[in-house]
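For reference, work.cif (mmCIF, C-alpha atoms):
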data_input
#
loop_
_atom_site.label_atom_id
_atom_site.label_comp_id
_atom_site.auth_asym_id
_atom_site.auth_seq_id
_atom_site.Cartn_x
_atom_site.Cartn_y
_atom_site.Cartn_z
CA MET A 1 0.06 20.37 -1.34
CA ALA A 2 3.75 21.03 -0.79
CA GLU A 3 6.31 18.48 -1.89
CA LEU A 4 8.22 16.36 0.57
CA SER A 5 11.92 17.13 0.72
CA PRO A 6 13.89 14.18 -0.69
CA THR A 7 16.50 12.74 1.63
CA PRO A 8 19.59 10.66 0.78
CA ARG A 9 17.44 7.61 1.54
CA THR A 10 14.40 8.55 -0.54
CA ARG A 11 15.97 10.35 -3.50
CA VAL A 12 15.37 8.23 -6.61
CA ARG A 13 18.63 7.78 -8.51
CA ARG A 14 17.62 5.18 -11.10
CA PHE A 15 15.44 6.97 -13.70
CA PRO A 16 14.98 10.09 -11.54
CA SER A 17 12.53 11.48 -14.11
CA ARG A 18 10.04 8.89 -12.86
CA ALA A 19 10.31 10.09 -9.27
CA SER A 20 7.81 12.25 -7.45
CA TYR A 21 7.94 13.76 -4.00
CA ASP A 22 4.57 15.43 -4.42
CA ARG A 23 2.22 14.72 -1.52
CA THR A 24 -0.81 14.51 -3.80
CA THR A 25 0.84 11.81 -5.93
CA ILE A 26 2.04 9.87 -2.90
CA HIS A 27 -1.35 10.08 -1.19
CA ALA A 28 -3.20 8.99 -4.35
CA ILE A 29 -1.09 5.84 -4.70
CA LEU A 30 -1.50 4.97 -1.03
CA ASP A 31 -5.25 5.54 -1.22
CA GLU A 32 -5.65 3.25 -4.24
CA GLY A 33 -3.53 0.40 -2.87
CA LEU A 34 -4.94 -2.32 -0.64
CA VAL A 35 -1.80 -4.06 0.64
CA CYS A 36 1.49 -2.65 1.85
CA HIS A 37 4.71 -4.48 2.69
CA LEU A 38 6.22 -3.61 6.06
CA GLY A 39 9.96 -4.21 6.29
CA PHE A 40 12.03 -4.16 9.48
CA VAL A 41 14.85 -5.96 11.29
CA HIS A 42 14.02 -7.90 14.45
CA ASP A 43 16.76 -9.58 16.50
CA GLY A 44 19.14 -9.27 13.56
CA GLN A 45 16.74 -10.97 11.14
CA PRO A 46 15.08 -9.00 8.32
CA PHE A 47 11.34 -9.44 7.84
CA VAL A 48 8.84 -8.17 5.28
CA LEU A 49 5.17 -8.54 6.21
CA PRO A 50 2.23 -7.91 3.85
CA THR A 51 -0.63 -6.18 5.63
CA THR A 52 -3.58 -3.86 5.17
CA TYR A 53 -3.30 -0.19 6.04
CA ALA A 54 -4.98 3.17 5.78
CA ARG A 55 -3.79 6.72 5.24
CA VAL A 56 -5.23 9.50 7.35
CA ASP A 57 -3.81 12.91 6.44
CA ASP A 58 0.00 12.60 6.66
CA ALA A 59 0.11 9.32 8.57
CA LEU A 60 -0.13 5.65 7.67
CA TYR A 61 -1.92 3.38 10.14
CA LEU A 62 -1.14 -0.33 10.45
CA HIS A 63 -2.42 -2.94 12.85
CA GLY A 64 -1.72 -6.47 14.00
CA SER A 65 -1.94 -8.94 16.84
CA ALA A 66 -0.74 -7.83 20.26
CA ALA A 67 0.55 -11.40 20.66
CA SER A 68 3.07 -10.86 17.86
CA ARG A 69 6.57 -10.51 19.30
CA MET A 70 7.74 -8.77 16.15
CA LEU A 71 4.98 -6.15 16.24
CA ARG A 72 5.61 -5.55 19.93
CA GLY A 73 9.18 -4.76 18.93
CA LEU A 74 7.97 -2.22 16.38
CA ARG A 75 6.13 -0.21 19.00
CA ASP A 76 9.45 0.23 20.80
CA GLY A 77 10.75 2.35 17.94
CA ILE A 78 12.37 0.10 15.32
CA PRO A 79 13.08 1.79 11.96
CA VAL A 80 10.74 0.52 9.25
CA CYS A 81 10.29 0.69 5.49
CA VAL A 82 6.79 0.50 4.02
CA THR A 83 6.16 0.00 0.30
CA VAL A 84 2.98 0.07 -1.78
CA THR A 85 3.00 -0.93 -5.46
CA LEU A 86 0.22 -0.70 -8.04
CA LEU A 87 0.89 -2.83 -11.13
CA ASP A 88 -0.54 -1.06 -14.18
CA GLY A 89 0.80 -3.13 -17.06
CA LEU A 90 3.35 -5.45 -18.66
CA VAL A 91 5.87 -3.85 -21.00
CA LEU A 92 6.87 -6.23 -23.82
CA ALA A 93 9.95 -5.10 -25.70
CA ARG A 94 11.74 -6.45 -28.76
CA SER A 95 14.68 -7.50 -26.61
CA ALA A 96 14.57 -9.55 -23.43
CA PHE A 97 16.66 -6.88 -21.71
CA HIS A 98 14.12 -4.08 -22.17
CA HIS A 99 11.07 -5.92 -20.86
CA SER A 100 9.58 -4.03 -17.93
CA MET A 101 6.37 -3.20 -16.09
CA ASN A 102 4.27 -0.09 -15.71
CA TYR A 103 3.67 0.74 -12.08
CA ARG A 104 3.04 3.34 -9.43
CA SER A 105 4.90 2.83 -6.18
CA VAL A 106 5.60 4.54 -2.88
CA VAL A 107 8.37 3.98 -0.35
CA ILE A 108 8.04 5.38 3.18
CA LEU A 109 10.85 5.32 5.73
CA GLY A 110 10.57 6.17 9.39
CA VAL A 111 9.88 4.92 12.88
CA ALA A 112 6.43 3.57 13.66
CA ALA A 113 4.93 4.45 17.03
CA GLU A 114 2.18 2.64 18.90
CA VAL A 115 -1.15 4.42 19.08
CA THR A 116 -2.38 4.28 22.67
CA GLY A 117 -5.19 6.85 22.80
CA ALA A 118 -8.58 5.13 22.69
CA ALA A 119 -10.15 7.57 20.21
CA GLU A 120 -7.22 7.50 17.78
CA ARG A 121 -6.96 3.70 17.99
CA LEU A 122 -10.64 3.26 17.14
CA GLY A 123 -10.40 5.87 14.41
CA ALA A 124 -7.41 4.08 12.88
CA LEU A 125 -9.19 0.73 12.86
CA GLU A 126 -12.23 2.36 11.29
CA ALA A 127 -10.02 3.95 8.64
CA ILE A 128 -8.45 0.57 7.78
CA VAL A 129 -11.86 -1.09 7.38
CA GLN A 130 -13.19 1.85 5.37
CA HIS A 131 -10.09 1.83 3.16
CA VAL A 132 -10.80 -1.75 2.10
CA ASN A 133 -14.54 -1.25 1.64
CA PRO A 134 -15.99 2.25 2.12
CA GLY A 135 -19.15 2.19 4.21
CA ARG A 136 -18.41 -1.19 5.78
CA TRP A 137 -17.71 0.21 9.26
CA GLN A 138 -21.28 1.46 9.54
CA GLN A 139 -22.62 -2.03 8.75
CA VAL A 140 -20.59 -4.27 11.06
CA ARG A 141 -20.24 -4.76 14.81
CA PRO A 142 -17.48 -2.50 16.18
CA PRO A 143 -14.56 -4.12 18.03
CA ASN A 144 -15.18 -4.92 21.69
CA ASP A 145 -12.77 -4.38 24.58
CA ARG A 146 -11.25 -7.86 24.26
CA GLU A 147 -10.58 -7.38 20.56
CA LEU A 148 -9.10 -3.94 21.11
CA LYS A 149 -6.73 -5.30 23.77
CA ALA A 150 -5.64 -8.02 21.34
CA THR A 151 -4.74 -5.48 18.65
CA ILE A 152 -1.69 -3.27 18.22
CA VAL A 153 -2.19 -0.10 16.17
CA LEU A 154 0.87 1.63 14.72
CA ARG A 155 1.21 5.11 13.24
CA LEU A 156 3.91 5.93 10.69
CA PRO A 157 4.30 9.61 9.72
CA ILE A 158 4.53 10.18 5.97
CA VAL A 159 7.49 12.52 6.20
CA GLU A 160 10.35 10.68 4.46
CA ALA A 161 8.80 9.21 1.33
CA SER A 162 8.98 9.11 -2.44
CA ALA A 163 6.91 7.84 -5.35
CA LYS A 164 8.06 6.33 -8.62
CA VAL A 165 5.87 5.93 -11.70
CA ARG A 166 6.46 4.25 -15.06
CA THR A 167 4.03 4.59 -17.97
CA GLY A 168 4.03 3.88 -21.68
CA GLY A 169 5.64 1.34 -23.96
CA PRO A 170 9.06 -0.27 -24.25
CA LEU A 171 12.27 1.68 -24.70
CA ASP A 172 13.80 -0.45 -27.44
CA ASP A 173 17.21 0.17 -28.92
CA ALA A 174 17.11 1.64 -32.43
CA GLY A 175 18.83 -1.45 -33.80
CA ASP A 176 16.04 -3.68 -32.50
CA LEU A 177 13.11 -1.84 -34.08
CA GLY A 178 13.05 -4.20 -37.06
CA TRP A 179 13.03 -7.35 -34.94
CA PRO A 180 10.06 -9.53 -36.05
CA CYS A 181 8.05 -9.72 -32.84
CA TRP A 182 5.16 -7.83 -31.28
CA ALA A 183 6.10 -4.99 -28.92
CA GLY A 184 4.02 -2.72 -26.74
CA HIS A 185 2.39 -2.81 -23.36
CA VAL A 186 -0.48 -4.78 -21.86
CA PRO A 187 -2.56 -2.72 -19.39
CA LEU A 188 -3.56 -4.45 -16.17
CA ARG A 189 -6.01 -3.55 -13.42
CA LEU A 190 -7.38 -5.14 -10.26
CA VAL A 191 -11.03 -6.13 -10.69
CA ALA A 192 -13.40 -7.39 -8.01
CA LEU A 193 -15.53 -10.37 -8.97
CA GLU A 194 -19.04 -11.21 -7.84
CA PRO A 195 -19.20 -11.41 -4.02
CA VAL A 196 -19.70 -14.92 -2.58
CA PRO A 197 -21.97 -14.90 0.50
CA ASP A 198 -21.00 -16.71 3.69
CA GLY A 199 -23.91 -19.03 4.37
CA GLN A 200 -27.45 -17.68 4.13
CA PRO A 201 -27.54 -13.85 4.36
CA PRO A 202 -30.40 -12.29 6.31
CA ALA A 203 -33.41 -11.24 4.28
CA GLY A 204 -33.04 -7.84 2.72
CA VAL A 205 -29.24 -7.73 3.11
CA THR A 206 -27.36 -7.14 -0.13
CA ALA A 207 -23.75 -7.60 -1.13
CA PRO A 208 -21.29 -4.73 -0.58
CA ASN A 209 -21.23 -2.20 -3.38
CA GLY A 210 -17.96 -0.44 -2.55
CA ARG A 211 -14.50 -1.14 -3.93
CA MET A 212 -14.89 -4.85 -3.05
CA HIS A 213 -17.47 -5.09 -5.84
CA ALA A 214 -16.26 -2.79 -8.58
#
How does the structure come out when it is put into structure tokens?
Amino acid sequence: MAELSPTPRTRVRRFPSRASYDRTTIHAILDEGLVCHLGFVHDGQPFVLPTTYARVDDALYLHGSAASRMLRGLRDGIPVCVTVTLLDGLVLARSAFHHSMNYRSVVILGVAAEVTGAAERLGALEAIVQHVNPGRWQQVRPPNDRELKATIVLRLPIVEASAKVRTGGPLDDAGDLGWPCWAGHVPLRLVALEPVPDGQPPAGVTAPNGRMHA
């Protein structure tokens, strides 16, 4: 896949060696994440909303309640910033200053547009459900007309975006290498625990075995 062209807004200036504009890298981070943070300004007030999402090709799909005044404003063409961060570890240095974290992150800038076509709307909602738990869409009742009318679906093109990745241990100063404390990094990962059923499941129905139950 071709790289995205960095813009003045997406070019990483702090530790540029950690930056990537490669579509494959950006897509992989988005596909692994479960929650994004959607930032925008509404009536002069900045907001950041955590929400689920899904990537389909070079677009990010988001959804929310049609009753939300803020989301209704987004469909009118408000500039947005979407971020996704995967926390991979804690970096423990010999100095307080050099403590850090290992991470993979993506920032997307653009203007979200409302999806109005029935087929694309349904496909986007399916993609969001499948992103959280692959195979779930085929098991559950699809949304009805009332639920579809109550839902706004937004599409954000992945055109102006960048990734940033940090790996490895601390970057201690040479003068601190003899300091008498442990230094290194502690890997972290998100792990699903045993599913807890809601009430009494029907006979023969088993717990999900997708990413919800790793």
- Task: Name all residues at most 10 Å from Ser95 of chain A (count all atoms listed in the file; drop same-chain ones fewer than 2 positions away) and give them as a PyMOL selection string.
- Result: chain A and resi 92-93+97-99+170-173+176-177+179+181+183
Could you write out that same residue set with C-alpha atoms as a short mmCIF file (atom, residue, chain, number, x, y, z; two decimals), in the coordinates of the input?
data_model
loop_
_atom_site.label_atom_id
_atom_site.label_comp_id
_atom_site.auth_asym_id
_atom_site.auth_seq_id
_atom_site.Cartn_x
_atom_site.Cartn_y
_atom_site.Cartn_z
CA LEU A 92 6.87 -6.23 -23.82
CA ALA A 93 9.95 -5.10 -25.70
CA PHE A 97 16.66 -6.88 -21.71
CA HIS A 98 14.12 -4.08 -22.17
CA HIS A 99 11.07 -5.92 -20.86
CA PRO A 170 9.06 -0.27 -24.25
CA LEU A 171 12.27 1.68 -24.70
CA ASP A 172 13.80 -0.45 -27.44
CA ASP A 173 17.21 0.17 -28.92
CA ASP A 176 16.04 -3.68 -32.50
CA LEU A 177 13.11 -1.84 -34.08
CA TRP A 179 13.03 -7.35 -34.94
CA CYS A 181 8.05 -9.72 -32.84
CA ALA A 183 6.10 -4.99 -28.92
#
- Message: List as number ranges by chain the protein and nucleic acid residues near Gly110 of chain A, meaning an atom at most 12 Å away when only C-alpha atoms are counted, but skip any in the same chain fewer than 5 places from it.
- Response: A: 7, 9-10, 38-40, 59-60, 74, 77-83, 154-161
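Among the candidate residues A:Ala54, A:Val48, A:Cys36, A:Val12, the one lying nearest to Val132 of chain A is A:Ala54, with distances computed using all atoms listed in the file.
Distance annotation: of A:Lys149, A:His42, A:Arg104, A:Arg75, the residue with the minimal separation from Gly89 of chain A is A:Arg104; atom set is only C-alpha atoms.
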- Could you list as a PyMOL selection string every residue that has an atom within 12 Å of (15.2, 7.7, -15.6), using the file's coordinates and counting all atoms listed in the file? chain A and resi 12-20+164-167+171
- With all atoms listed in the file counted, which protein, DNA or RNA residues have an atom no more than 12 Å from (-2.5, 0.3, 9.8) in the file frame? Please answer as a ChimeraX atom specification. /A:30,34-38,50-56,59-65,71,82,112-115,120-132,151-157
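For the pair atom CA of Arg69 of chain A and atom CA of Ile108 of chain A, the separation is 22.7 Å.
Across the model, the gap from atom CA of Ser105 of chain A to atom CA of Thr25 of chain A is 9.9 Å.
Each of A:His27, A:Arg94, A:Arg141, A:Arg11 was compared to Pro180 of chain A using only C-alpha atoms, and A:Arg94 turns out to be the nearest.
Counting from atom CA of Val41 of chain A, the distance to atom CA of Ala66 of chain A is 18.1 Å.
Minimum atom-to-atom distances from A:Pro8, A:Ser162, A:Arg146, A:Val111 to Ile29 of chain A were compared using only C-alpha atoms, and the lowest value belongs to A:Ser162.
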Write out as a tab-separated table a residue-level contact list of segment 53-160 of chain A versus segment 198-209 of chain A with cut-off 9 Å: for each qualifying residue the closest pair of atoms and the distance in Å to one decimal, counting only C-alpha atoms, rows sorted by chain and residue number upward.
residue	atom	partner	partner_atom	distance
A:Asn133	CA	A:Pro208	CA	7.9
A:Pro134	CA	A:Asn209	CA	8.8
A:Gly135	CA	A:Pro208	CA	8.7
A:Arg136	CA	A:Pro208	CA	7.8
Could segment 107-142 of chain A be completed with N, CA and C atoms and returned as a tab-separated table (two decimals), keeping the file's coordinate frame?
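Heads up, here's the output in selection_19.tsv:
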chain	number	residue	atom	x	y	z
A	107	VAL	N	7.51	4.48	-1.43
A	107	VAL	CA	8.37	3.98	-0.35
A	107	VAL	C	8.34	5.00	0.78
A	108	ILE	N	8.06	4.52	1.99
A	108	ILE	CA	8.04	5.38	3.18
A	108	ILE	C	9.04	4.83	4.18
A	109	LEU	N	9.88	5.70	4.70
A	109	LEU	CA	10.85	5.32	5.73
A	109	LEU	C	10.54	6.09	7.00
A	110	GLY	N	10.81	5.47	8.13
A	110	GLY	CA	10.57	6.17	9.39
A	110	GLY	C	10.54	5.21	10.56
A	111	VAL	N	10.02	5.70	11.65
A	111	VAL	CA	9.88	4.92	12.88
A	111	VAL	C	8.41	4.89	13.25
A	112	ALA	N	7.84	3.71	13.30
A	112	ALA	CA	6.43	3.57	13.66
A	112	ALA	C	6.27	3.66	15.17
A	113	ALA	N	5.21	4.31	15.60
A	113	ALA	CA	4.93	4.45	17.03
A	113	ALA	C	3.57	3.83	17.33
A	114	GLU	N	3.45	3.24	18.51
A	114	GLU	CA	2.18	2.64	18.90
A	114	GLU	C	1.16	3.73	19.21
A	115	VAL	N	-0.05	3.53	18.75
A	115	VAL	CA	-1.15	4.42	19.08
A	115	VAL	C	-1.81	3.90	20.34
A	116	THR	N	-1.84	4.73	21.39
A	116	THR	CA	-2.38	4.28	22.67
A	116	THR	C	-3.69	4.97	23.04
A	117	GLY	N	-3.95	6.14	22.49
A	117	GLY	CA	-5.19	6.85	22.80
A	117	GLY	C	-6.40	6.10	22.25
A	118	ALA	N	-7.42	5.94	23.07
A	118	ALA	CA	-8.58	5.13	22.69
A	118	ALA	C	-9.26	5.67	21.43
A	119	ALA	N	-9.44	6.98	21.36
A	119	ALA	CA	-10.15	7.57	20.21
A	119	ALA	C	-9.35	7.40	18.93
A	120	GLU	N	-8.04	7.63	18.98
A	120	GLU	CA	-7.22	7.50	17.78
A	120	GLU	C	-7.11	6.03	17.35
A	121	ARG	N	-7.02	5.12	18.32
A	121	ARG	CA	-6.96	3.70	17.99
A	121	ARG	C	-8.23	3.27	17.24
A	122	LEU	N	-9.38	3.64	17.78
A	122	LEU	CA	-10.64	3.26	17.14
A	122	LEU	C	-10.78	3.92	15.78
A	123	GLY	N	-10.35	5.18	15.69
A	123	GLY	CA	-10.40	5.87	14.41
A	123	GLY	C	-9.50	5.23	13.37
A	124	ALA	N	-8.33	4.74	13.80
A	124	ALA	CA	-7.41	4.08	12.88
A	124	ALA	C	-7.99	2.77	12.37
A	125	LEU	N	-8.58	1.99	13.27
A	125	LEU	CA	-9.19	0.73	12.86
A	125	LEU	C	-10.36	0.97	11.91
A	126	GLU	N	-11.14	2.00	12.20
A	126	GLU	CA	-12.23	2.36	11.29
A	126	GLU	C	-11.68	2.74	9.92
A	127	ALA	N	-10.60	3.51	9.91
A	127	ALA	CA	-10.02	3.95	8.64
A	127	ALA	C	-9.52	2.76	7.82
A	128	ILE	N	-8.95	1.75	8.49
A	128	ILE	CA	-8.45	0.57	7.78
A	128	ILE	C	-9.61	-0.20	7.15
A	129	VAL	N	-10.69	-0.39	7.92
A	129	VAL	CA	-11.86	-1.09	7.38
A	129	VAL	C	-12.47	-0.30	6.23
A	130	GLN	N	-12.60	1.00	6.40
A	130	GLN	CA	-13.19	1.85	5.37
A	130	GLN	C	-12.32	1.91	4.12
A	131	HIS	N	-11.00	1.80	4.30
A	131	HIS	CA	-10.09	1.83	3.16
A	131	HIS	C	-10.32	0.62	2.26
A	132	VAL	N	-10.56	-0.53	2.87
A	132	VAL	CA	-10.80	-1.75	2.10
A	132	VAL	C	-12.17	-1.72	1.44
A	133	ASN	N	-13.18	-1.29	2.19
A	133	ASN	CA	-14.54	-1.25	1.64
A	133	ASN	C	-15.29	-0.08	2.25
A	134	PRO	N	-15.32	1.08	1.57
A	134	PRO	CA	-15.99	2.25	2.12
A	134	PRO	C	-17.44	1.96	2.51
A	135	GLY	N	-17.80	2.40	3.70
A	135	GLY	CA	-19.15	2.19	4.21
A	135	GLY	C	-19.31	0.94	5.05
A	136	ARG	N	-18.29	0.08	5.07
A	136	ARG	CA	-18.41	-1.19	5.78
A	136	ARG	C	-18.47	-0.99	7.29
A	137	TRP	N	-17.76	-0.01	7.81
A	137	TRP	CA	-17.71	0.21	9.26
A	137	TRP	C	-19.10	0.46	9.83
A	138	GLN	N	-19.94	1.14	9.06
A	138	GLN	CA	-21.28	1.46	9.54
A	138	GLN	C	-22.20	0.23	9.53
A	139	GLN	N	-21.78	-0.85	8.87
A	139	GLN	CA	-22.62	-2.03	8.75
A	139	GLN	C	-22.28	-3.13	9.76
A	140	VAL	N	-21.05	-3.13	10.25
A	140	VAL	CA	-20.59	-4.27	11.06
A	140	VAL	C	-20.55	-3.92	12.55
A	141	ARG	N	-20.40	-4.97	13.37
A	141	ARG	CA	-20.24	-4.76	14.81
A	141	ARG	C	-18.87	-4.15	15.08
A	142	PRO	N	-18.79	-3.08	15.87
A	142	PRO	CA	-17.48	-2.50	16.18
A	142	PRO	C	-16.69	-3.43	17.10
